[in-house]
Structure formats: structure tokens, C-alpha cells
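Written below as C-alpha cells is the structure these notes are about.
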Amino acid sequence: MNNNQQSSEGRHDDDAALSEFLASLMDYTPTIPDELVEHYLAKSGFQCPDVRLIRLVAVATQKFIAEVANDSLQHCKARQASIIKDKRDKQQKDKRTILTMEDLSKALREYGVNVKHQEYFADSPTTGLDPASRDE
Amino acid sequence: MNSQESETDLSKFAFTVTRITMAQICQSVGFMSTQRSTLNTLTDIAARYLRALAESAAAYAASFGGTQSNLCDVVHALENLGSVQGFCSAWDVRRTRTLLASPTLVDLSKFVECVDEIPFAKPVPRCPPLEKRVITSQAANPTGVSHIPKWLPAFPRREISNVKETQEVERSEIGIELCGKVDGGCLVSKRMRVGLLLEKRDRVRFKMGFGVGRGKVKGGGEVGEGIVGVDLRNGVCRGGRREEGKGCHAKVIGILMMIKIEKMTTRRGGIVMFQGKAEG
């Protein structure tokens with residue numbers, strides 16, 4: 001009996017928190033505009049008249065991308081910290097945090113997304129070979 | 001073509017808008033700049049995530065027999081996609097906590113509280129709805145044709161072709177396709193065929209065997225050959241005489257609709273000889 005009461009009280013709290021969250025969603029403007037989200041949702045067959053659910057999906061995507069970006073930033077900073085040089089170089093490098101393919105692919109691997117990037121593109125098949133073999 | 005062009009333009013537009021959004025998110029996280037290809041990749045991933053969420057939620061809604069998704073479907077989809085990374089109570093298969101108290105929602109609410117708003121840089125114009133295609137039947141279907149739905153386009157104009165042409169077509173296309181003759185690119189219905197064939201048709205003789213056999217056709221003094229491929233191995237043809245007029249070879253009768261079978265004999269080996277008149 002006590003357990004049931006506690007669980008029902010817990011549910012009330014959960015419901016209250018959920019309704020608060022949904023209400024706060026209407027105040028929060030996600031970065032991804034609603035029209036864009038609606039376009040993608042319509043493409044996938046998602047039908048819902050409720051604006052709050054659209055905002056929920058937008059916020060979820062924003063959170064996902066923010067996490068990925070954060071992880072790649074951590075990778076970038078870890079790489080910069082490992083290169084210990086003079087104080088000047090460190091400051092210069094700290095300012096230039098560039099999102100590279102390397103960091104992004106490392107960050108995405110934990111999310112189950114495999115992104116492989118071509119390192120370089122050669123002009124012809126014989127580029128970079130010895131001149132003797134190139135003549136052939 | 002116009003619709004195709006507008007679709008590609010629309011997808012390009014959506015991609016560009018998403019790219020700006022991703023750039024804003026990266027900037028808010030702390031990046032100063034990014035490579036162009038990396039930003040394109042991130043945009044693609046964001047679009048795929050959004051669509052995966054939507055597809056998953058739509059699938060959950062459909063599995064419950066509805067067309068519109070609700071909060072529970074979205075939460076299911078979120079948990080589905082978050083299972084790769086893992087979340088707090090992913091181990092809890094029996095769900096001691098309700099779905100709406102899912103930790104994914106809790107994480108989202110924390111994200112909304114902590115992270116500042118980043119409104120989109122420019123106003124996005126709302127895409128006008130695509131023109132609805134109105135199916136108009138240019139020529140109303142004949143009223144007697146009740147089995148054809150009204151929303152289908154009308155049949156092409158009926159042209160009364162020469163009888164000779166019909167006969168030639170018949171001879172050249174002898175085989176299983178006899179039940180519908182191809183005239184002018186459309187399959188003519190049985191009823192209309194009866195109206196087209198004016199002359200009385202010649203006697204037609206067929207020979208059918210196991211697998212693909214050759215059938216000889218006599219018509220109008222010419223002897224033509226057609227390939228008849230009817231497999232009678234299903235046990236329909238059991239040998240022995242059968243009375244005429246009785247439809248024991250239902251398959252064959254279905255194929256040779258226009259031919260009235262007068263006499264039928266079966267021989268050993270399953271070869272069935274038909275002699276009949278072609279009805280006009």
C-alpha cells in the first residue's frame with residue numbers, strides 16, 4: 001500500500017515536471033527554426049498538430065549536435081594540450097579552435113556514426129611515385 | 001519537370017538553412033571556425049538525425065494503429081536513438097518508471113534550462129504549399145462501366161480499327177495473351193472487343209502440350225504458327241475422354257475465351273486437341 005502511494009505521488013510529480021517542461025518549451029526558441037523542422041518531419045511522415053512536439057524534436061536535435069560539437073571541441077583541445085611548446089605558440093593555438101574532420105569523426109564514432117574522410121586527392125595515379133616508374 | 005526542380009531547390013534551401021543553424025550551434029559551443037566540408041558533414045548528420053527521429057516516431061504511431069504521433073511516440077523514438085550512446089535507465093526493460101518520466105526527457109529539460117537560447121540568424125520564409133494536383137476526368141467514363149472508379153482518368157478515345165488489323169494481331173499474338181488484345185496501347189476490355197469484331201472468324205485449331213509447345217493456327221487460308229505455352233502438369237489433364245461442353249479444363253478455357261470448344265479429345269502424354277470456332 002505504501003509503495004502504491006509513493007509511486008502515485010511520484011507519478012504526479014513526474015507529470016507536473018513534464019507539463020512544466022512542455023510549457024517552458026514554448027518560451028524557448030530552438031536554434032533550428034520551426035519551418036525547417038516541419039519540412040523534415042513532413043518528409044518523414046510525422047504528423048502532429050501540436051507545436052510543442054515539433055519544438056521537442058528541434059530541441060532534441062539541437063542537444064545532439066551540441067553534444068557532438070562539444071566532444072569534438074574536447075578532442076581539439078586535448079590535441080592542442082599535448083603539443084607542449086613555448087607560451088606564445090600555445091596562446092596562438094588556443095585562439096584558433098577549428099572544427100576539423102579528424103575531431104568530428106572521433107567524436108561521432110562514440111555515437112555510432114562512422115565518418116571516414118579522404119586524406120588527400122591526387123592529380124593522377126602516378127603522382128608521388130618515383131620518376132623511374134612514372135616514365136613507364 | 002517543374003515539380004522536380006522545385007523539389008531540388010527546396011532541398012538545397014533546407015540544406016543551406018540547416019548549415020547556418022549548425023554553424024550557430026558550433027559557435028555557441030566554442031569553435032572559432034570550421035572547415036567547409038566538415039560543416040557540410042555535420043549538416044547532413046543533423047538532417048539525418050531529425051529524419052530518423054521523425055521516422056521512428058511515425059513508425060511507433062503506426063504500430064499502435066494511429067496516423068498522428070504523440071508524446072509517447074516521440075519519447076520512444078528518442079530512447080531508440082539514444083540507446084547507442086546510452087542513458088540512465090536503459091537497463092530497465094520492465095519500466096519501473098513511466099515512459100513520460102524517461103531520463104531522455106529529463107536530460108532535455110535540463111538542457112533547456114541550462115543552455116541559453118540561440119535564435120536563428122535570419123527570418124525563414126514559410127514555404128508555400130505545393131499545388132494540389134486535381135484529377136479531372138476530361139471525358140467522363142461511360143455510365144455503364146460501374147466497375148471502374150470515377151477518379152481514374154478516362155479511357156483513350158475508341159477508334160474503330162479495321163477488321164483485318166484485328167485478325168492479324170490475333171494471329172501474331174496467339175498464346176496466353178489472347179484474353180486481352182492490345183489495341184492502340186491499351187488493353188481493351190472484353191465487352192468492347194465484342195463490338196469491334198464484326199466479321200465471323202475462322203476456325204482455329206490449337207495443340208497444347210507439356211511446357212512450351214507449338215500451336216498451328218489456321219485462319220483465312222493462311223497457316224500461321226504460334227507458340228503456346230501452357231503447363232498442364234498440375235493434374236488438370238488426367239487423360240480419358242471428357243464430355244464436351246463441360247468446363248473441366250478451367251485454366252485452358254480461361255485462356256481461350258473467344259473460342260467455343262466443340263470437340264475435345266485427350267491423348268496419351270497429355271496432349272489436348274481442341275477444335276473449335278472462333279466467336280466474333
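Ordering of the C-alpha cells sets the chain letters (A, B, ...); residue numbers start at 1 within each chain; ligands are numbered from 1 in the order shown.
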Select all residues from chain B having any atom no more than 7 Å from an atom of chain A (counting only C-alpha atoms, ignoring ligands), output as an mmCIF file with N, CA and C atoms, in the first residue's frame.
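Contents of part-v9.cif, as written:
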```cif
data_model
loop_
_atom_site.group_PDB
_atom_site.id
_atom_site.type_symbol
_atom_site.label_atom_id
_atom_site.label_comp_id
_atom_site.auth_asym_id
_atom_site.auth_seq_id
_atom_site.Cartn_x
_atom_site.Cartn_y
_atom_site.Cartn_z
ATOM 1 N N ALA B 14 16.690 23.926 -47.801
ATOM 2 C CA ALA B 14 16.656 23.352 -46.457
ATOM 3 C C ALA B 14 18.069 23.053 -45.973
ATOM 4 N N THR B 21 22.306 26.956 -39.221
ATOM 5 C CA THR B 21 21.955 26.562 -37.849
ATOM 6 C C THR B 21 23.119 25.849 -37.184
ATOM 7 N N ILE B 25 25.328 26.739 -33.798
ATOM 8 C CA ILE B 25 25.498 25.852 -32.645
ATOM 9 C C ILE B 25 26.988 25.677 -32.351
ATOM 10 N N CYS B 26 27.786 25.482 -33.399
ATOM 11 C CA CYS B 26 29.225 25.309 -33.188
ATOM 12 C C CYS B 26 29.831 26.549 -32.549
ATOM 13 N N VAL B 29 29.111 26.608 -28.913
ATOM 14 C CA VAL B 29 29.887 25.637 -28.136
ATOM 15 C C VAL B 29 31.292 26.158 -27.885
ATOM 16 N N PHE B 31 33.660 26.969 -30.902
ATOM 17 C CA PHE B 31 34.552 26.918 -32.050
ATOM 18 C C PHE B 31 34.662 28.298 -32.693
ATOM 19 N N MET B 32 35.882 28.606 -33.171
ATOM 20 C CA MET B 32 36.064 29.869 -33.852
ATOM 21 C C MET B 32 35.685 29.747 -35.320
ATOM 22 N N SER B 33 36.129 28.653 -35.927
ATOM 23 C CA SER B 33 35.838 28.478 -37.347
ATOM 24 C C SER B 33 35.752 26.990 -37.630
ATOM 25 N N THR B 34 35.417 26.678 -38.849
ATOM 26 C CA THR B 34 35.290 25.272 -39.211
ATOM 27 C C THR B 34 35.640 25.092 -40.673
ATOM 28 N N GLN B 35 36.032 23.891 -41.021
ATOM 29 C CA GLN B 35 36.259 23.574 -42.427
ATOM 30 C C GLN B 35 34.914 23.454 -43.136
ATOM 31 N N THR B 38 33.588 19.844 -43.348
ATOM 32 C CA THR B 38 33.169 19.352 -42.034
ATOM 33 C C THR B 38 31.790 19.891 -41.686
ATOM 34 N N ALA B 46 22.886 16.112 -38.959
ATOM 35 C CA ALA B 46 21.760 16.694 -38.232
ATOM 36 C C ALA B 46 20.445 16.406 -38.951
ATOM 37 N N TYR B 49 19.542 12.821 -38.417
ATOM 38 C CA TYR B 49 19.064 12.567 -37.058
ATOM 39 C C TYR B 49 17.611 12.992 -36.914
ATOM 40 N N LEU B 50 17.321 14.174 -37.442
ATOM 41 C CA LEU B 50 15.951 14.685 -37.381
ATOM 42 C C LEU B 50 14.991 13.728 -38.075
ATOM 43 N N ARG B 51 15.392 13.320 -39.277
ATOM 44 C CA ARG B 51 14.516 12.441 -40.034
ATOM 45 C C ARG B 51 14.402 11.077 -39.378
ATOM 46 N N ALA B 54 11.935 11.413 -36.622
ATOM 47 C CA ALA B 54 10.568 11.528 -37.126
ATOM 48 C C ALA B 54 10.071 10.193 -37.659
ATOM 49 N N GLU B 55 10.922 9.483 -38.380
ATOM 50 C CA GLU B 55 10.504 8.192 -38.937
ATOM 51 C C GLU B 55 10.215 7.201 -37.840
ATOM 52 N N ALA B 58 6.956 8.132 -36.203
ATOM 53 C CA ALA B 58 5.834 7.801 -37.087
ATOM 54 C C ALA B 58 5.600 6.291 -37.110
ATOM 55 N N THR B 67 -2.418 7.555 -37.037
ATOM 56 C CA THR B 67 -1.636 8.280 -38.034
ATOM 57 C C THR B 67 -0.862 9.434 -37.428
ATOM 58 N N GLN B 68 -1.348 9.965 -36.301
ATOM 59 C CA GLN B 68 -0.677 11.117 -35.716
ATOM 60 C C GLN B 68 0.142 10.664 -34.530
ATOM 61 N N SER B 69 1.350 11.192 -34.468
ATOM 62 C CA SER B 69 2.229 10.807 -33.355
ATOM 63 C C SER B 69 1.934 11.667 -32.142
ATOM 64 N N LEU B 71 3.227 12.353 -27.751
ATOM 65 C CA LEU B 71 4.444 12.495 -26.942
ATOM 66 C C LEU B 71 5.096 11.140 -26.681
ATOM 67 N N VAL B 84 22.190 3.996 -28.459
ATOM 68 C CA VAL B 84 23.569 3.781 -28.907
ATOM 69 C C VAL B 84 24.531 4.396 -27.900
ATOM 70 N N GLN B 85 24.220 5.619 -27.500
ATOM 71 C CA GLN B 85 25.084 6.324 -26.557
ATOM 72 C C GLN B 85 24.843 5.815 -25.145
ATOM 73 N N ALA B 101 8.415 9.754 -17.639
ATOM 74 C CA ALA B 101 9.464 10.175 -16.718
ATOM 75 C C ALA B 101 10.809 9.684 -17.210
ATOM 76 N N LEU B 108 16.659 16.477 -21.537
ATOM 77 C CA LEU B 108 16.229 17.565 -22.408
ATOM 78 C C LEU B 108 15.787 18.778 -21.611
ATOM 79 N N SER B 109 15.060 18.537 -20.531
ATOM 80 C CA SER B 109 14.597 19.668 -19.730
ATOM 81 C C SER B 109 15.789 20.384 -19.092
ATOM 82 N N GLU B 117 19.277 30.551 -25.099
ATOM 83 C CA GLU B 117 18.619 30.490 -26.405
ATOM 84 C C GLU B 117 19.547 31.011 -27.491
ATOM 85 N N ILE B 118 19.523 30.366 -28.610
ATOM 86 C CA ILE B 118 20.250 30.892 -29.773
ATOM 87 C C ILE B 118 19.232 31.015 -30.890
ATOM 88 N N PRO B 119 18.548 32.150 -30.981
ATOM 89 C CA PRO B 119 17.553 32.255 -32.052
ATOM 90 C C PRO B 119 18.232 32.258 -33.412
ATOM 91 N N PHE B 120 17.522 31.815 -34.380
ATOM 92 C CA PHE B 120 18.080 31.707 -35.715
ATOM 93 C C PHE B 120 18.413 33.087 -36.263
ATOM 94 N N ARG B 126 8.157 31.064 -44.858
ATOM 95 C CA ARG B 126 7.407 29.816 -44.847
ATOM 96 C C ARG B 126 7.177 29.384 -46.286
#
```
Would you please extract all alpha helix (DSSP H) residues from chain A, as assigned by DSSP on the backbone, and give them as a PyMOL selection string? chain A and resi 2-27+34-44+51-82+87-95+101-109+131-135
For a test of reading the model, state the distance in Å between atom CA of B:Ala47 and atom CA of B:Lys12, rounded to one decimal. 12.2 Å
Min atom-atom distance to A:His75 from the set A:Ala122, A:Val51, A:Met26, A:Ala107, counting only C-alpha atoms, belongs to A:Ala107
Separation of atom CA of B:Gly86 and atom CA of B:Thr104, in Å?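 Taking atom CA of B:Gly86 as the start and atom CA of B:Thr104 as the end point, the length is 9.8 Å.
The two atoms in question, atom CA of B:Phe87 and atom CA of B:Ser56, are spaced 18.0 Å apart.
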